[in-house]
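Visitor: Right, I'll just put the structure down here and ask away after.
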Amino acid sequence: MSENNPNGGDFETYRPYQAQPGIGHVGSYQVAGIPYITGALTIPSGSEEKIEFPRVTQEVTIINRGGDNQDLQVHFAPFEQDNVGSGLHTITLDDKFDAITLKVRCKEIYIRNSEANGGAYTVIAELTNIMAREMFTLTGSGLTD
């Protein structure tokens with residue numbers, strides 16, 4: 001055992017200050033690129049779906065796959081929570097193939113069908129190596145207040 005290695009073994013493999021993936025680890029975002037794709041063919045009118053990512057995102061694209069004049073609302077907390085819906089803390093995709101790309105770190109997003117017809121969407125995300133449990137819940141001004 002090396003005197004400089006408290007865990008025993010070869011000192012060359014002991015790295016007490018090696019950076020690990022985490023929310024504040026810049027390298028985790030610089031080497032992001034794990035692909036994630038999901039979607040739905042139908043969201044009942046007035047309901048929302050929660051998309052939970054297995055890892056923290058670096059970028060998320062949401063595509064409205066419903067018909068023309070089929071509104072989908074995208075938000076970061078449940079629609080009925082605090083002032084999400086009443087405070088206009090949503091992004092609306094108005095028509096078929098409307099899309100938005102958000103360069104944002106999050107562990108979940110919500111998509112709500114505000115129309116009478118069934119909504120459809122595709123979500124494409126670029127994930128980091130940061131586990132979703134490391135991410136805090138998004139709340140506050142501009143999100144829920």
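Residues in the structure tokens are named by chain (A, B, ... in the order shown) and by number from 1 within that chain; ligands are numbered from 1 in the order shown.
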Could you make a table, as a Markdown table, of the residues of region 13-89 of chain A that have an atom within 12 Å of an atom of region 101-116 of chain A, each with its nearest atom pair and distance in Å to one decimal, counting only C-alpha atoms, in chain and number order?
Guide:
| residue | atom | partner | partner_atom | distance |
| --- | --- | --- | --- | --- |
| A:Gly22 | CA | A:Arg105 | CA | 11.6 |
| A:Ile23 | CA | A:Arg105 | CA | 8.9 |
| A:Gly24 | CA | A:Arg105 | CA | 11.2 |
| A:Ser28 | CA | A:Arg105 | CA | 11.3 |
| A:Tyr29 | CA | A:Arg105 | CA | 9.2 |
| A:Ala32 | CA | A:Arg105 | CA | 11.1 |
| A:Gly39 | CA | A:Ile111 | CA | 10.3 |
| A:Ala40 | CA | A:Ile111 | CA | 10.2 |
| A:Leu41 | CA | A:Asn113 | CA | 11.6 |
| A:Thr42 | CA | A:Asn113 | CA | 9.1 |
| A:Ile43 | CA | A:Asn113 | CA | 6.1 |
| A:Pro44 | CA | A:Asn113 | CA | 6.8 |
| A:Ser45 | CA | A:Ala116 | CA | 5.0 |
| A:Gly46 | CA | A:Ser114 | CA | 5.1 |
| A:Ser47 | CA | A:Arg112 | CA | 5.7 |
| A:Glu48 | CA | A:Arg112 | CA | 3.9 |
| A:Glu49 | CA | A:Ile111 | CA | 5.3 |
| A:Lys50 | CA | A:Tyr110 | CA | 4.5 |
| A:Ile51 | CA | A:Ile109 | CA | 5.3 |
| A:Glu52 | CA | A:Glu108 | CA | 4.4 |
| A:Phe53 | CA | A:Lys107 | CA | 5.3 |
| A:Pro54 | CA | A:Lys107 | CA | 7.4 |
| A:Arg55 | CA | A:Lys107 | CA | 6.5 |
| A:Val56 | CA | A:Lys107 | CA | 5.1 |
| A:Thr57 | CA | A:Arg105 | CA | 4.8 |
| A:Gln58 | CA | A:Arg105 | CA | 5.1 |
| A:Glu59 | CA | A:Lys103 | CA | 4.3 |
| A:Val60 | CA | A:Leu102 | CA | 5.2 |
| A:Thr61 | CA | A:Thr101 | CA | 4.1 |
| A:Ile62 | CA | A:Thr101 | CA | 6.6 |
| A:Ile63 | CA | A:Thr101 | CA | 8.9 |
| A:Asn64 | CA | A:Ile111 | CA | 10.0 |
| A:Arg65 | CA | A:Asn113 | CA | 11.6 |
| A:Gly66 | CA | A:Asn113 | CA | 9.7 |
| A:Gly67 | CA | A:Glu115 | CA | 10.6 |
| A:Asp68 | CA | A:Glu115 | CA | 11.1 |
| A:Asn69 | CA | A:Glu115 | CA | 8.6 |
| A:Gln70 | CA | A:Glu115 | CA | 6.2 |
| A:Asp71 | CA | A:Ser114 | CA | 6.0 |
| A:Leu72 | CA | A:Asn113 | CA | 4.9 |
| A:Gln73 | CA | A:Arg112 | CA | 5.0 |
| A:Val74 | CA | A:Ile111 | CA | 4.7 |
| A:His75 | CA | A:Tyr110 | CA | 5.2 |
| A:Phe76 | CA | A:Ile109 | CA | 4.8 |
| A:Ala77 | CA | A:Tyr110 | CA | 6.6 |
| A:Pro78 | CA | A:Tyr110 | CA | 6.6 |
| A:Phe79 | CA | A:Arg112 | CA | 7.7 |
| A:Glu80 | CA | A:Arg112 | CA | 10.9 |
| A:Gln81 | CA | A:Tyr110 | CA | 11.7 |
| A:Val84 | CA | A:Tyr110 | CA | 11.0 |
| A:Gly85 | CA | A:Arg112 | CA | 10.3 |
| A:His89 | CA | A:Tyr110 | CA | 11.6 |
Visitor: Generate the output file for the selected residues, N, CA and C atoms, as a short mmCIF file (atom, residue, chain, number, x, y, z; two decimals), in the first residue's frame.
Guide:
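Done, and the output landed in out_9.cif:
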data_model
loop_
_atom_site.label_atom_id
_atom_site.label_comp_id
_atom_site.auth_asym_id
_atom_site.auth_seq_id
_atom_site.Cartn_x
_atom_site.Cartn_y
_atom_site.Cartn_z
N GLY A 22 -22.07 16.23 -12.87
CA GLY A 22 -22.97 16.86 -11.93
C GLY A 22 -23.50 18.16 -12.51
N ILE A 23 -24.49 18.75 -11.85
CA ILE A 23 -25.14 19.95 -12.34
C ILE A 23 -24.16 21.08 -12.63
N GLY A 24 -23.15 21.26 -11.79
CA GLY A 24 -22.19 22.34 -11.98
C GLY A 24 -20.96 21.96 -12.78
N SER A 28 -19.67 18.20 -18.50
CA SER A 28 -20.83 17.34 -18.78
C SER A 28 -21.71 17.91 -19.88
N TYR A 29 -21.75 19.23 -19.98
CA TYR A 29 -22.55 19.88 -21.03
C TYR A 29 -21.77 19.97 -22.33
N ALA A 32 -22.04 16.62 -24.08
CA ALA A 32 -23.39 16.07 -24.16
C ALA A 32 -23.64 15.55 -25.56
N GLY A 39 -42.49 10.27 -28.17
CA GLY A 39 -43.63 10.99 -28.71
C GLY A 39 -44.93 10.32 -28.34
N ALA A 40 -46.01 10.90 -28.84
CA ALA A 40 -47.34 10.35 -28.62
C ALA A 40 -48.20 10.64 -29.84
N LEU A 41 -49.10 9.73 -30.13
CA LEU A 41 -50.01 9.91 -31.26
C LEU A 41 -51.28 10.63 -30.84
N THR A 42 -51.65 10.51 -29.56
CA THR A 42 -52.87 11.14 -29.09
C THR A 42 -52.73 11.57 -27.63
N ILE A 43 -53.05 12.83 -27.38
CA ILE A 43 -53.19 13.33 -26.01
C ILE A 43 -54.64 13.79 -25.90
N PRO A 44 -55.42 13.23 -24.98
CA PRO A 44 -56.82 13.65 -24.85
C PRO A 44 -56.94 15.15 -24.59
N SER A 45 -58.03 15.73 -25.05
CA SER A 45 -58.28 17.16 -24.89
C SER A 45 -58.21 17.58 -23.43
N GLY A 46 -57.51 18.67 -23.16
CA GLY A 46 -57.42 19.22 -21.81
C GLY A 46 -56.48 18.47 -20.87
N SER A 47 -55.79 17.46 -21.38
CA SER A 47 -54.87 16.72 -20.51
C SER A 47 -53.43 16.99 -20.91
N GLU A 48 -52.54 16.59 -20.04
CA GLU A 48 -51.12 16.82 -20.31
C GLU A 48 -50.34 15.54 -20.08
N GLU A 49 -49.18 15.47 -20.71
CA GLU A 49 -48.28 14.35 -20.51
C GLU A 49 -46.97 14.88 -19.96
N LYS A 50 -46.42 14.12 -19.03
CA LYS A 50 -45.13 14.47 -18.43
C LYS A 50 -44.07 13.58 -19.08
N ILE A 51 -43.05 14.23 -19.63
CA ILE A 51 -41.94 13.50 -20.21
C ILE A 51 -40.79 13.59 -19.23
N GLU A 52 -40.39 12.43 -18.68
CA GLU A 52 -39.28 12.38 -17.73
C GLU A 52 -38.05 11.84 -18.44
N PHE A 53 -36.99 12.62 -18.43
CA PHE A 53 -35.76 12.22 -19.08
C PHE A 53 -34.91 11.40 -18.11
N PRO A 54 -34.20 10.39 -18.60
CA PRO A 54 -33.37 9.57 -17.72
C PRO A 54 -32.13 10.32 -17.24
N ARG A 55 -31.75 11.36 -17.96
CA ARG A 55 -30.59 12.19 -17.61
C ARG A 55 -30.96 13.65 -17.85
N VAL A 56 -30.19 14.55 -17.32
CA VAL A 56 -30.42 15.97 -17.49
C VAL A 56 -30.17 16.34 -18.96
N THR A 57 -31.04 17.18 -19.49
CA THR A 57 -30.92 17.58 -20.89
C THR A 57 -29.94 18.74 -21.06
N GLN A 58 -29.45 18.86 -22.27
CA GLN A 58 -28.73 20.05 -22.67
C GLN A 58 -29.59 20.85 -23.65
N GLU A 59 -30.37 20.12 -24.43
CA GLU A 59 -31.23 20.75 -25.44
C GLU A 59 -32.44 19.85 -25.67
N VAL A 60 -33.60 20.49 -25.89
CA VAL A 60 -34.84 19.75 -26.13
C VAL A 60 -35.57 20.39 -27.31
N THR A 61 -36.03 19.55 -28.25
CA THR A 61 -36.86 20.03 -29.36
C THR A 61 -38.22 19.35 -29.25
N ILE A 62 -39.28 20.14 -29.35
CA ILE A 62 -40.64 19.62 -29.33
C ILE A 62 -41.29 19.96 -30.66
N ILE A 63 -41.88 18.94 -31.31
CA ILE A 63 -42.52 19.13 -32.61
C ILE A 63 -44.00 18.78 -32.48
N ASN A 64 -44.86 19.68 -32.91
CA ASN A 64 -46.30 19.44 -32.93
C ASN A 64 -46.61 18.56 -34.13
N ARG A 65 -47.12 17.34 -33.90
CA ARG A 65 -47.44 16.40 -34.97
C ARG A 65 -48.95 16.29 -35.19
N GLY A 66 -49.72 17.14 -34.49
CA GLY A 66 -51.18 17.11 -34.64
C GLY A 66 -51.60 17.76 -35.94
N GLY A 67 -52.90 17.93 -36.11
CA GLY A 67 -53.42 18.56 -37.32
C GLY A 67 -53.25 20.07 -37.30
N ASP A 68 -53.66 20.72 -38.40
CA ASP A 68 -53.62 22.17 -38.44
C ASP A 68 -54.52 22.74 -37.34
N ASN A 69 -54.13 23.86 -36.81
CA ASN A 69 -54.86 24.52 -35.72
C ASN A 69 -54.96 23.64 -34.47
N GLN A 70 -54.03 22.76 -34.28
CA GLN A 70 -53.98 21.89 -33.10
C GLN A 70 -52.95 22.46 -32.14
N ASP A 71 -53.40 23.13 -31.10
CA ASP A 71 -52.49 23.77 -30.15
C ASP A 71 -51.95 22.78 -29.13
N LEU A 72 -50.65 22.81 -28.94
CA LEU A 72 -50.00 22.09 -27.85
C LEU A 72 -49.27 23.12 -27.00
N GLN A 73 -49.36 22.97 -25.69
CA GLN A 73 -48.67 23.87 -24.78
C GLN A 73 -47.53 23.11 -24.11
N VAL A 74 -46.36 23.73 -24.07
CA VAL A 74 -45.17 23.14 -23.48
C VAL A 74 -44.83 23.95 -22.23
N HIS A 75 -44.55 23.26 -21.11
CA HIS A 75 -44.21 23.96 -19.87
C HIS A 75 -43.34 23.07 -19.00
N PHE A 76 -42.80 23.64 -17.92
CA PHE A 76 -41.83 22.94 -17.08
C PHE A 76 -42.39 22.51 -15.72
N ALA A 77 -43.66 22.71 -15.50
CA ALA A 77 -44.35 22.27 -14.27
C ALA A 77 -45.78 21.94 -14.68
N PRO A 78 -46.51 21.18 -13.86
CA PRO A 78 -47.90 20.86 -14.21
C PRO A 78 -48.72 22.12 -14.48
N PHE A 79 -49.60 22.07 -15.46
CA PHE A 79 -50.39 23.21 -15.90
C PHE A 79 -51.17 23.84 -14.76
N GLU A 80 -51.71 23.02 -13.87
CA GLU A 80 -52.54 23.52 -12.78
C GLU A 80 -51.72 23.97 -11.57
N GLN A 81 -50.41 23.77 -11.57
CA GLN A 81 -49.58 24.17 -10.43
C GLN A 81 -49.38 25.67 -10.41
N VAL A 84 -48.87 28.43 -13.54
CA VAL A 84 -48.33 27.98 -14.83
C VAL A 84 -49.30 28.34 -15.95
N GLY A 85 -50.54 27.90 -15.87
CA GLY A 85 -51.52 28.18 -16.91
C GLY A 85 -52.01 29.61 -16.89
N HIS A 89 -47.15 30.84 -18.43
CA HIS A 89 -45.81 30.25 -18.39
C HIS A 89 -45.75 29.00 -19.26
#
Visitor: Write down as an MDAnalysis selection string the residues of region 56-143 of chain A whose backbone DSSP state falls under strand (DSSP E).
Guide: chainID A and resid 56:64 72:75 91:93 99:102 108:113 119:131
Visitor: Which value, in Å to one decimal, gives the distance between CA of Glu134 (chain A) and CA of Thr90 (chain A)?
Guide: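 Separation between CA of Glu134 (chain A) and CA of Thr90 (chain A): 24.4 Å.
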Visitor: Point out the residue among A:Ala120, A:Leu127, A:Leu93, A:Leu88 with the least atom-to-atom distance to Ser141 (chain A), counting only C-alpha atoms.
Guide: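 So, comparing all the options, the nearest one is A:Leu88.
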Visitor: Between CA of Thr122 (chain A) and CA of His25 (chain A), what is the spacing in Å?
Guide: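 Computing the Euclidean distance for CA of His25 (chain A) and CA of Thr122 (chain A) yields 28.8 Å.
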